[in-house]
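J.: What follows is a structure written as structure tokens; I'll ask about it next.
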Amino acid sequence: QVLLVESGGGLVQAGGSLRLSCAASARTFSMYPMGWFRQAPGKEREFVAAISRSGGSTHYADSVKGRFTISRDNAKNTVYLQMNSLKPEDTAVYYCAASTTYTQYSANYYYTDEKYDYWGQGTQVTVSS
């Protein structure tokens, strides 16, 4: 069982920055690839970023590449999403997720939600124009 708790969301103006955090309960956190997804009102949940177990491999959706950075601190059981140059279209509920059943190392593998089996409750990010 993995409990994930996101924090750091809020209201920001376009062009601003936010850093999301996701704290995990599992002692085996360092074994799990992690991902961030988001869901805007009326839209399906979409992939944002993924990171491998050690943090050495990352993968991003084209829409956030160059603006967002995913990272992790295995000593703190936490994964982060640094979001810069925010746009109104980034407005969504952001979810972190853990993948505990797949063994592929590369973050490129973890771009779809069926690869993940534990999810946080989400944190709202609102970007005003």
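Every chain in the structure tokens takes a letter, A first, then B, and so on in the order presented; its residues are numbered from 1, and the ligands are numbered from 1 following the presented order.
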At a cut-off of 6 Å, using only C-alpha atoms, what residues contact region 9-26 of chain A? Leave out same-chain residues fewer than 2 positions from it and give the result as a PyMOL selection string.

T.: chain A and resi 2-7+28-29+77-87+123-129

J.: With the cut-off set at 8 Å and counting only C-alpha atoms, tabulate each residue of region 47-127 of chain A with an atom at most that distance from an atom of region 32-36 of chain A, showing the nearest atom pair and its distance in Å to one decimal, ordered by chain and increasing number, as CSV.

T.:
```
residue,atom,partner,partner_atom,distance
A:Phe47,CA,A:Trp36,CA,6.6
A:Val48,CA,A:Trp36,CA,5.4
A:Ala49,CA,A:Trp36,CA,5.2
A:Ala50,CA,A:Gly35,CA,4.1
A:Ile51,CA,A:Met34,CA,5.4
A:Ser52,CA,A:Pro33,CA,4.6
A:Arg53,CA,A:Pro33,CA,4.7
A:Val79,CA,A:Met34,CA,7.4
A:Leu81,CA,A:Trp36,CA,7.7
A:Tyr94,CA,A:Trp36,CA,6.9
A:Tyr95,CA,A:Trp36,CA,5.6
A:Cys96,CA,A:Trp36,CA,4.5
A:Ala97,CA,A:Gly35,CA,5.2
A:Ala98,CA,A:Met34,CA,4.7
A:Ser99,CA,A:Pro33,CA,5.5
A:Thr100,CA,A:Tyr32,CA,5.6
A:Tyr105,CA,A:Pro33,CA,7.8
A:Ala107,CA,A:Pro33,CA,7.2
A:Tyr110,CA,A:Gly35,CA,7.3
A:Tyr111,CA,A:Gly35,CA,7.9
```

J.: For the residues in the current selection, export N, CA, C and O atoms as a compact mmCIF listing (two decimals), in the first residue's frame.

T.:
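Result file is selection10.txt:
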```txt
# COMPACT_ATOMS: atom_id res chain seq x y z
N PHE A 47 -1.07 12.75 -19.30
CA PHE A 47 0.29 12.59 -18.78
C PHE A 47 1.02 13.93 -18.80
O PHE A 47 0.88 14.70 -19.75
N VAL A 48 1.82 14.17 -17.75
CA VAL A 48 2.64 15.38 -17.68
C VAL A 48 4.13 15.01 -17.69
O VAL A 48 4.89 15.48 -18.53
N ALA A 49 4.53 14.15 -16.74
CA ALA A 49 5.95 13.82 -16.62
C ALA A 49 6.11 12.53 -15.84
O ALA A 49 5.25 12.17 -15.04
N ALA A 50 7.24 11.85 -16.07
CA ALA A 50 7.57 10.63 -15.34
C ALA A 50 9.05 10.63 -15.00
O ALA A 50 9.86 11.27 -15.69
N ILE A 51 9.38 9.88 -13.97
CA ILE A 51 10.78 9.79 -13.53
C ILE A 51 11.07 8.36 -13.09
O ILE A 51 10.22 7.70 -12.48
N SER A 52 12.25 7.89 -13.42
CA SER A 52 12.65 6.53 -13.07
C SER A 52 12.95 6.40 -11.58
O SER A 52 12.97 7.38 -10.84
N ARG A 53 13.20 5.17 -11.16
CA ARG A 53 13.40 4.88 -9.74
C ARG A 53 14.53 5.72 -9.14
O ARG A 53 14.39 6.25 -8.04
N VAL A 79 8.54 13.25 -4.52
CA VAL A 79 8.74 13.60 -5.93
C VAL A 79 8.21 15.02 -6.13
O VAL A 79 7.22 15.41 -5.50
N LEU A 81 7.44 18.49 -8.90
CA LEU A 81 7.20 19.00 -10.25
C LEU A 81 7.38 20.50 -10.20
O LEU A 81 6.53 21.22 -9.65
N TYR A 94 -3.71 18.43 -10.51
CA TYR A 94 -2.49 17.66 -10.76
C TYR A 94 -2.41 16.50 -9.78
O TYR A 94 -2.58 16.68 -8.57
N TYR A 95 -2.12 15.32 -10.33
CA TYR A 95 -2.05 14.10 -9.54
C TYR A 95 -0.66 13.48 -9.66
O TYR A 95 -0.10 13.42 -10.76
N CYS A 96 -0.14 12.98 -8.57
CA CYS A 96 1.05 12.15 -8.67
C CYS A 96 0.62 10.70 -8.56
O CYS A 96 -0.44 10.38 -8.03
N ALA A 97 1.46 9.83 -9.11
CA ALA A 97 1.13 8.41 -9.16
C ALA A 97 2.40 7.58 -9.02
O ALA A 97 3.48 8.02 -9.43
N ALA A 98 2.22 6.39 -8.48
CA ALA A 98 3.33 5.45 -8.30
C ALA A 98 3.07 4.19 -9.10
O ALA A 98 1.94 3.68 -9.13
N SER A 99 4.13 3.68 -9.72
CA SER A 99 4.04 2.43 -10.47
C SER A 99 4.80 1.37 -9.70
O SER A 99 6.03 1.45 -9.58
N THR A 100 4.09 0.38 -9.18
CA THR A 100 4.73 -0.63 -8.33
C THR A 100 4.82 -2.00 -8.97
O THR A 100 5.37 -2.93 -8.36
N TYR A 105 13.05 0.28 -16.61
CA TYR A 105 13.75 1.39 -15.96
C TYR A 105 13.40 2.74 -16.59
O TYR A 105 13.15 3.71 -15.90
N ALA A 107 12.02 6.05 -18.00
CA ALA A 107 10.81 6.84 -17.73
C ALA A 107 9.92 6.93 -18.96
O ALA A 107 8.72 7.18 -18.84
N TYR A 110 6.60 5.02 -18.94
CA TYR A 110 5.55 5.32 -17.97
C TYR A 110 4.73 6.56 -18.34
O TYR A 110 4.53 7.45 -17.50
N TYR A 111 4.26 6.60 -19.57
CA TYR A 111 3.53 7.78 -20.05
C TYR A 111 2.03 7.58 -20.11
O TYR A 111 1.30 8.48 -20.51
```

J.: Could you tell me which of A:Ala92, A:Gln1, A:Ser30, A:Ser63 comes closest to Trp119 (chain A) if we count only C-alpha atoms?

T.: A:Gln1

J.: Which of these, A:Val93, A:Arg27, A:Tyr109, A:Tyr60, has the shortest distance to Arg45 (chain A) once you count only C-alpha atoms?

T.: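 Comparing A:Val93, A:Arg27, A:Tyr109, A:Tyr60 against Arg45 (chain A), the winner is A:Val93.
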
J.: Mind pulling up the distance from CA of Asn108 (chain A) to CA of Thr58 (chain A)?

T.: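 About the pair CA of Thr58 (chain A) and CA of Asn108 (chain A): they are 7.1 Å apart.
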
J.: Quick one: DSSP strand (DSSP E or B) residues in chain A, as a PyMOL selection string?

T.: chain A and resi 4-7+10-13+18-24+34-39+46-51+58-60+68-73+78-83+92-98+118-119+123-128

J.: Out of A:Gly8, A:Gly42, A:Gly122, A:Gly55, which residue has the shortest atom-to-atom distance to Asn74 (chain A) when counting only C-alpha atoms?

T.: A:Gly55

J.: Rounded to one decimal, what separation in Å do you get between CA of Ala75 (chain A) and CA of Gly56 (chain A)?

T.: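 That distance, rounded to one decimal, is 15.2 Å.
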
J.: Between CA of Ser106 (chain A) and CA of Ser57 (chain A), measure the distance and give it in Å to one decimal.

T.: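 Taking CA of Ser106 (chain A) as the start and CA of Ser57 (chain A) as the end point, the length is 5.8 Å.
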
J.: Write down as a list of chain:residue names the residues of chain A whose backbone DSSP state falls under helix (DSSP H, G or I).

T.: A:Phe29, A:Ser30, A:Met31, A:Pro88, A:Glu89, A:Asp90, A:Ala107, A:Asn108, A:Tyr109, A:Asp113, A:Glu114, A:Lys115

J.: Deliver the residues from the most recent selection as a file, using all heavy atoms, as a short mmCIF file (atom, residue, chain, number, x, y, z; two decimals), in the first residue's frame.

T.:
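Below you can see again_3.cif, which holds the result:
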```
data_model
loop_
_atom_site.label_atom_id
_atom_site.label_comp_id
_atom_site.auth_asym_id
_atom_site.auth_seq_id
_atom_site.Cartn_x
_atom_site.Cartn_y
_atom_site.Cartn_z
N PHE A 29 9.83 3.46 -1.50
CA PHE A 29 9.59 4.52 -2.49
C PHE A 29 10.66 4.52 -3.58
O PHE A 29 10.34 4.73 -4.75
CB PHE A 29 9.56 5.86 -1.76
CG PHE A 29 9.51 7.05 -2.68
CD1 PHE A 29 8.32 7.42 -3.28
CD2 PHE A 29 10.63 7.82 -2.93
CE1 PHE A 29 8.25 8.52 -4.12
CE2 PHE A 29 10.59 8.92 -3.76
CZ PHE A 29 9.39 9.28 -4.36
N SER A 30 11.89 4.31 -3.23
CA SER A 30 12.99 4.39 -4.20
C SER A 30 12.91 3.31 -5.27
O SER A 30 13.63 3.36 -6.26
CB SER A 30 14.33 4.32 -3.48
OG SER A 30 14.48 3.08 -2.84
N MET A 31 12.05 2.31 -5.09
CA MET A 31 11.90 1.23 -6.06
C MET A 31 10.88 1.57 -7.15
O MET A 31 10.76 0.83 -8.12
CB MET A 31 11.46 -0.05 -5.35
CG MET A 31 12.46 -0.60 -4.35
SD MET A 31 11.81 -2.02 -3.46
CE MET A 31 11.48 -3.16 -4.81
N PRO A 88 -2.31 29.72 -18.95
CA PRO A 88 -3.69 29.41 -18.52
C PRO A 88 -4.10 27.98 -18.86
O PRO A 88 -4.87 27.35 -18.10
CB PRO A 88 -4.52 30.44 -19.29
CG PRO A 88 -3.59 31.60 -19.45
CD PRO A 88 -2.24 30.99 -19.67
N GLU A 89 -3.59 27.44 -19.95
CA GLU A 89 -3.95 26.07 -20.33
C GLU A 89 -3.32 25.01 -19.43
O GLU A 89 -3.61 23.82 -19.57
CB GLU A 89 -3.59 25.80 -21.80
CG GLU A 89 -2.18 26.14 -22.19
CD GLU A 89 -2.07 27.53 -22.83
OE1 GLU A 89 -2.71 28.49 -22.32
OE2 GLU A 89 -1.33 27.63 -23.82
N ASP A 90 -2.45 25.41 -18.51
CA ASP A 90 -1.92 24.47 -17.52
C ASP A 90 -2.87 24.30 -16.34
O ASP A 90 -2.62 23.46 -15.46
CB ASP A 90 -0.57 24.96 -16.99
CG ASP A 90 0.52 24.97 -18.06
OD1 ASP A 90 0.58 24.01 -18.84
OD2 ASP A 90 1.30 25.94 -18.09
N ALA A 107 12.02 6.05 -18.00
CA ALA A 107 10.81 6.84 -17.73
C ALA A 107 9.92 6.93 -18.96
O ALA A 107 8.72 7.18 -18.84
CB ALA A 107 11.19 8.23 -17.25
N ASN A 108 10.49 6.74 -20.15
CA ASN A 108 9.71 6.79 -21.39
C ASN A 108 8.57 5.77 -21.40
O ASN A 108 7.59 5.95 -22.11
CB ASN A 108 10.61 6.53 -22.59
CG ASN A 108 11.59 7.65 -22.83
OD1 ASN A 108 11.64 8.62 -22.08
ND2 ASN A 108 12.40 7.53 -23.86
N TYR A 109 8.72 4.71 -20.64
CA TYR A 109 7.72 3.65 -20.61
C TYR A 109 6.48 4.09 -19.84
O TYR A 109 5.38 3.58 -20.07
CB TYR A 109 8.34 2.42 -19.96
CG TYR A 109 7.45 1.22 -19.90
CD1 TYR A 109 7.22 0.42 -21.01
CD2 TYR A 109 6.84 0.85 -18.69
CE1 TYR A 109 6.40 -0.69 -20.94
CE2 TYR A 109 6.03 -0.25 -18.62
CZ TYR A 109 5.82 -1.03 -19.73
OH TYR A 109 5.01 -2.13 -19.66
N ASP A 113 -1.62 6.14 -17.99
CA ASP A 113 -2.06 5.98 -16.60
C ASP A 113 -2.24 4.53 -16.19
O ASP A 113 -2.22 4.22 -14.99
CB ASP A 113 -3.30 6.82 -16.30
CG ASP A 113 -4.44 6.56 -17.24
OD1 ASP A 113 -4.35 5.61 -18.06
OD2 ASP A 113 -5.43 7.32 -17.18
N GLU A 114 -2.38 3.61 -17.15
CA GLU A 114 -2.54 2.20 -16.75
C GLU A 114 -1.26 1.60 -16.19
O GLU A 114 -1.28 0.51 -15.61
CB GLU A 114 -3.06 1.35 -17.90
CG GLU A 114 -2.15 1.27 -19.09
CD GLU A 114 -2.56 2.24 -20.18
OE1 GLU A 114 -3.19 3.27 -19.86
OE2 GLU A 114 -2.24 1.97 -21.35
N LYS A 115 -0.13 2.31 -16.33
CA LYS A 115 1.13 1.83 -15.75
C LYS A 115 1.19 2.08 -14.25
O LYS A 115 2.11 1.60 -13.58
CB LYS A 115 2.32 2.52 -16.42
CG LYS A 115 2.45 2.27 -17.92
CD LYS A 115 2.72 0.81 -18.26
CE LYS A 115 3.21 0.60 -19.67
NZ LYS A 115 2.36 1.16 -20.70
#
```

J.: Looking at A:Phe37, A:Gln104, A:Glu44, A:Ile70, which one is nearest to Gly120 (chain A), with distances taken over only C-alpha atoms?

T.: A:Phe37
